[in-house]
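Engineer: I have a structure here, written as structure tokens, and I will follow up with some questions on it.
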Amino acid sequence: HQPLLGKHLMITAGATIERIDPVRFLSNDSSGKMGLALAQAAYHMGAKVTLIAGKLHTPPPAYLNCITVESARDMLAAVMAQVDHADWFIATAAVADYGIDSPMPQKIKKQGDNNLTLTLSQNPDILQTVCQLKNAPFTVGFAAETEAVIDNARAKRLKKGADLICANDVSTRDMGFNSDDNAVTVIGEGWEKSLPKASKAQLAYDILLACIEYHTAHSAT
Ligand code: PMT
């Protein structure tokens with residue numbers, strides 16, 4: 001059964017890297033496992049998949065069309081270059097909210113006894129940018145939260161304008177960032193579905209089936 005046959009899914013995965021200098025960067029704990037699991041599940045459900053990946057702990061399987069990027073700005077550029085072809089956009093990547101405007105071209109030297117100050121500026125919001133497009137694809141975001149998970153995720157869905165958001169409690173080490181298991185609540189307009197803890201491979205199927213259910217019920221197309 002291939003419920004996504006004929007659909008093109010663009011999926012972001014992993015952590016962005018915000019360069020400080022040629023050998024140093026700011027990043028986060030995302031391993032890319034959740035995004036990769038979604039890409040693989042979507043592929044096996046018949047979709048054409050474009051994976052846009054930041055830093056991943058394991059390489060993507062060769063059968064997936066993968067574009068590798070570093071920074072949030074690079075990820076935005078790659079997403080915007082592909083978005084016209086996408087029917088769905090799933091934003092699983094842990095994108096840095098702040099980046100360094102001008103990374104130093106050479107390795108920064110120790111500043112004697114002085115402290116070093118790095119100035120961070122806000123990165124563009126990729127999911128929000130896609131949601132605001134005139135012909136936006138069906139959009140699914142993730143909300144990684146450590147407190148008031150459902151309320152914060154509901155607010156994030158509305159703020160970013162996503163069709164669906166997966167509320168992801170990342171307050172414990174056995175779920176979320178860099179673990180093999182995860183649990184989410186998929187939230188839409190007047191619609192929520194709790195998907196209990198499972199392997200990311202299993203959960204990916206459950207998330208996509210929930211998305212298909214919502215999309216079928218709520219979409220005019
Ligand atoms: O990669 P794993 O180790 O398997 O872990 C999976 C995960 C915990 C990273 C994943 O399930 C998850 O929750 N991903 C979203 C992480 C995140 O950055 O959440 P956020 O609440 O900060 O962002 C909300 C949404 O906006 C996300 O869809 C994010 O991709 C998107 N975003 C955020 C910032 C930004 N500048 N641009 C964005 O598009």
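Residues in the structure tokens are named by chain (A, B, ... in the order shown) and by number from 1 within that chain; ligands are numbered from 1 in the order shown.
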Could you list, with a cut-off of 12 Å and counting only C-alpha atoms, the residues of range 38-119 of chain A near range 144-165 of chain A, each shown with its nearest atom pair and the distance in Å rounded to one decimal, rows sorted by chain and ascending number, as a tab-separated table?

Structural biologist:
```
residue	atom	partner	partner_atom	distance
A:Trp88	CA	A:Asp163	CA	10.2
A:Phe89	CA	A:Ala162	CA	9.7
A:Ile90	CA	A:Ile165	CA	9.3
A:Ala91	CA	A:Ile165	CA	9.2
A:Thr92	CA	A:Ala144	CA	9.6
A:Ala93	CA	A:Ala144	CA	10.3
A:Ala94	CA	A:Ala144	CA	8.4
A:Val95	CA	A:Ala144	CA	10.9
```

Engineer: I'd like to know which residues of range 54-106 of chain A are strand (DSSP E) (by DSSP, run on the backbone); could you write them as number ranges by chain?

Structural biologist: A: 65-68, 88-91, 98-100

Engineer: Residues at most 9 Å from Leu38 in chain A, counting only C-alpha atoms, excluding those fewer than 3 positions away in the same chain, as number ranges by chain?

Structural biologist: A: 11, 33-35, 41-43, 90, 92, 200-201, 203-205, 207-208

Engineer: What would the file look like if the residues just selected were written as a CSV table (one decimal), in the first residue's frame with C-alpha atoms?

Structural biologist:
```csv
chain,number,residue,atom,x,y,z
A,11,ILE,CA,12.0,17.0,4.3
A,33,LYS,CA,17.4,10.2,13.0
A,34,MET,CA,13.8,11.5,13.1
A,35,GLY,CA,14.1,13.3,9.7
A,41,ALA,CA,9.1,6.0,5.5
A,42,ALA,CA,7.8,8.5,3.0
A,43,TYR,CA,9.9,6.8,0.3
A,90,ILE,CA,8.2,18.5,6.6
A,92,THR,CA,12.3,18.1,11.1
A,200,LYS,CA,11.7,6.7,15.3
A,201,ALA,CA,11.4,4.2,12.4
A,203,LEU,CA,6.9,6.7,14.7
A,204,ALA,CA,7.7,8.0,11.2
A,205,TYR,CA,5.0,5.8,9.7
A,207,ILE,CA,3.3,10.5,11.8
A,208,LEU,CA,2.9,10.2,8.0
```

Engineer: Considering only C-alpha atoms and all ligand atoms, can you say which of A:Thr119, A:Gln2, A:Asn178, A:Ser219 comes closest to ligand 1?

Structural biologist: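 Distance minimum relative to ligand 1 lands on A:Asn178.
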
Engineer: I need the residues of range 15-104 of chain A that end up classed as alpha helix (DSSP H) by DSSP on the backbone, written out as a PyMOL selection string.

Structural biologist: chain A and resi 33-44+72-82

Engineer: With C-alpha atoms retained, export the selected residues as a PDB file, in the first residue's frame.

Structural biologist:
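As a result, part-v7.pdb now contains:
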```pdb
ATOM      1  CA  LYS A  33      17.429  10.212  12.991  1.00  0.00           C
ATOM      2  CA  MET A  34      13.828  11.496  13.073  1.00  0.00           C
ATOM      3  CA  GLY A  35      14.100  13.319   9.747  1.00  0.00           C
ATOM      4  CA  LEU A  36      15.846  10.369   8.097  1.00  0.00           C
ATOM      5  CA  ALA A  37      13.196   7.979   9.417  1.00  0.00           C
ATOM      6  CA  LEU A  38      10.480  10.212   7.938  1.00  0.00           C
ATOM      7  CA  ALA A  39      12.300  10.386   4.601  1.00  0.00           C
ATOM      8  CA  GLN A  40      12.687   6.589   4.482  1.00  0.00           C
ATOM      9  CA  ALA A  41       9.078   5.954   5.531  1.00  0.00           C
ATOM     10  CA  ALA A  42       7.800   8.463   2.950  1.00  0.00           C
ATOM     11  CA  TYR A  43       9.888   6.769   0.253  1.00  0.00           C
ATOM     12  CA  HIS A  44       8.477   3.345   1.180  1.00  0.00           C
ATOM     13  CA  ALA A  72      20.281  27.874   8.502  1.00  0.00           C
ATOM     14  CA  ARG A  73      20.756  30.354   5.650  1.00  0.00           C
ATOM     15  CA  ASP A  74      22.108  27.591   3.380  1.00  0.00           C
ATOM     16  CA  MET A  75      19.159  25.404   4.362  1.00  0.00           C
ATOM     17  CA  LEU A  76      16.702  28.182   3.521  1.00  0.00           C
ATOM     18  CA  ALA A  77      18.347  28.652   0.103  1.00  0.00           C
ATOM     19  CA  ALA A  78      18.202  24.908  -0.644  1.00  0.00           C
ATOM     20  CA  VAL A  79      14.567  24.699   0.488  1.00  0.00           C
ATOM     21  CA  MET A  80      13.538  27.710  -1.604  1.00  0.00           C
ATOM     22  CA  ALA A  81      15.294  26.256  -4.669  1.00  0.00           C
ATOM     23  CA  GLN A  82      13.208  23.057  -4.390  1.00  0.00           C
TER      24      GLN A  82
END
```

Engineer: Between A:His215, A:His85, A:Lys134, A:His57, which residue has the minimum interatomic distance to ligand 1, considering only C-alpha atoms and all ligand atoms?

Structural biologist: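 Nearest to ligand 1: A:His57.
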
Engineer: Which of these, A:Ala136, A:Ile67, A:Val186, A:Ala96, has the shortest distance to Asp29 in chain A once you count only C-alpha atoms?

Structural biologist: A:Ala96

Engineer: Between A:Val23, A:Val83, A:Ala183, A:Leu51, which is the closest to ligand 1 once you count only C-alpha atoms and all ligand atoms?

Structural biologist: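 Comparing A:Val23, A:Val83, A:Ala183, A:Leu51 against ligand 1, the winner is A:Ala183.
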
Engineer: As an exercise, work out the distance from CA of Pro61 in chain A to CA of Ser171 in chain A in Å and give it to one decimal place.

Structural biologist: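 Computing the Euclidean distance for CA of Pro61 in chain A and CA of Ser171 in chain A yields 29.5 Å.
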
Engineer: Go through A:Met104, A:Ile17, A:Leu64, A:Val49 and flag the residue nearest ligand 1, using only C-alpha atoms and all ligand atoms for the distances.

Structural biologist: A:Ile17

Engineer: Give the answer as one residue: which of A:Gly6, A:Gly32, A:Pro105, A:Pro60 has the shortest atom-to-atom distance to Lys48 in chain A, using only C-alpha atoms?

Structural biologist: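 Comparing A:Gly6, A:Gly32, A:Pro105, A:Pro60 against Lys48 in chain A, the winner is A:Gly6.
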
Engineer: What does the distance from CA of Gly141 in chain A to CA of Ser102 in chain A come to in Å, to one decimal?

Structural biologist: 28.6 Å

Engineer: Which neighbours of His218 in chain A fall inside 10 Å, counting only C-alpha atoms, when residues of the same chain fewer than 5 positions from it are skipped, and could you give them as a PDB file with C-alpha atoms, in the first residue's frame?

Structural biologist:
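Below is the file that was written, result.pdb:
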```pdb
ATOM      1  CA  ASP A 163      -0.884  23.119   8.619  1.00  0.00           C
ATOM      2  CA  GLY A 188      -3.814  20.683  13.437  1.00  0.00           C
ATOM      3  CA  GLU A 189      -6.757  23.058  13.377  1.00  0.00           C
ATOM      4  CA  ILE A 212      -2.411  11.845   5.474  1.00  0.00           C
ATOM      5  CA  GLU A 213      -5.568  11.527   7.607  1.00  0.00           C
TER       6      GLU A 213
END
```

Engineer: Can you list, as number ranges by chain, every protein, DNA or RNA residue that comes within 8 Å of Gly99 in chain A when you count only C-alpha atoms, leaving out same-chain residues fewer than 3 positions away?

Structural biologist: A: 18-19, 71-72, 96, 120-123

Engineer: Selection from above, N, CA and C atoms, as a compact mmCIF listing (two decimals), in the first residue's frame, can you write it?

Structural biologist:
```txt
# COMPACT_ATOMS: atom_id res chain seq x y z
N GLU A 18 26.42 26.61 12.50
CA GLU A 18 26.68 28.04 12.34
C GLU A 18 28.16 28.26 12.59
N ARG A 19 28.88 28.56 11.52
CA ARG A 19 30.34 28.65 11.59
C ARG A 19 30.81 29.86 12.39
N SER A 71 24.58 25.87 7.21
CA SER A 71 23.91 26.86 8.07
C SER A 71 22.41 26.93 7.80
N ALA A 72 21.72 27.63 8.69
CA ALA A 72 20.28 27.87 8.50
C ALA A 72 20.04 28.62 7.19
N ALA A 96 19.22 26.43 13.82
CA ALA A 96 19.67 27.43 14.80
C ALA A 96 18.86 28.71 14.64
N LEU A 120 25.60 37.21 17.87
CA LEU A 120 24.73 36.36 17.06
C LEU A 120 23.57 37.20 16.55
N SER A 121 23.17 36.93 15.32
CA SER A 121 21.98 37.62 14.82
C SER A 121 20.94 36.58 14.42
N GLN A 122 19.68 37.01 14.39
CA GLN A 122 18.61 36.04 14.13
C GLN A 122 18.69 35.48 12.73
N ASN A 123 18.51 34.18 12.64
CA ASN A 123 18.43 33.52 11.35
C ASN A 123 17.01 33.64 10.79
```
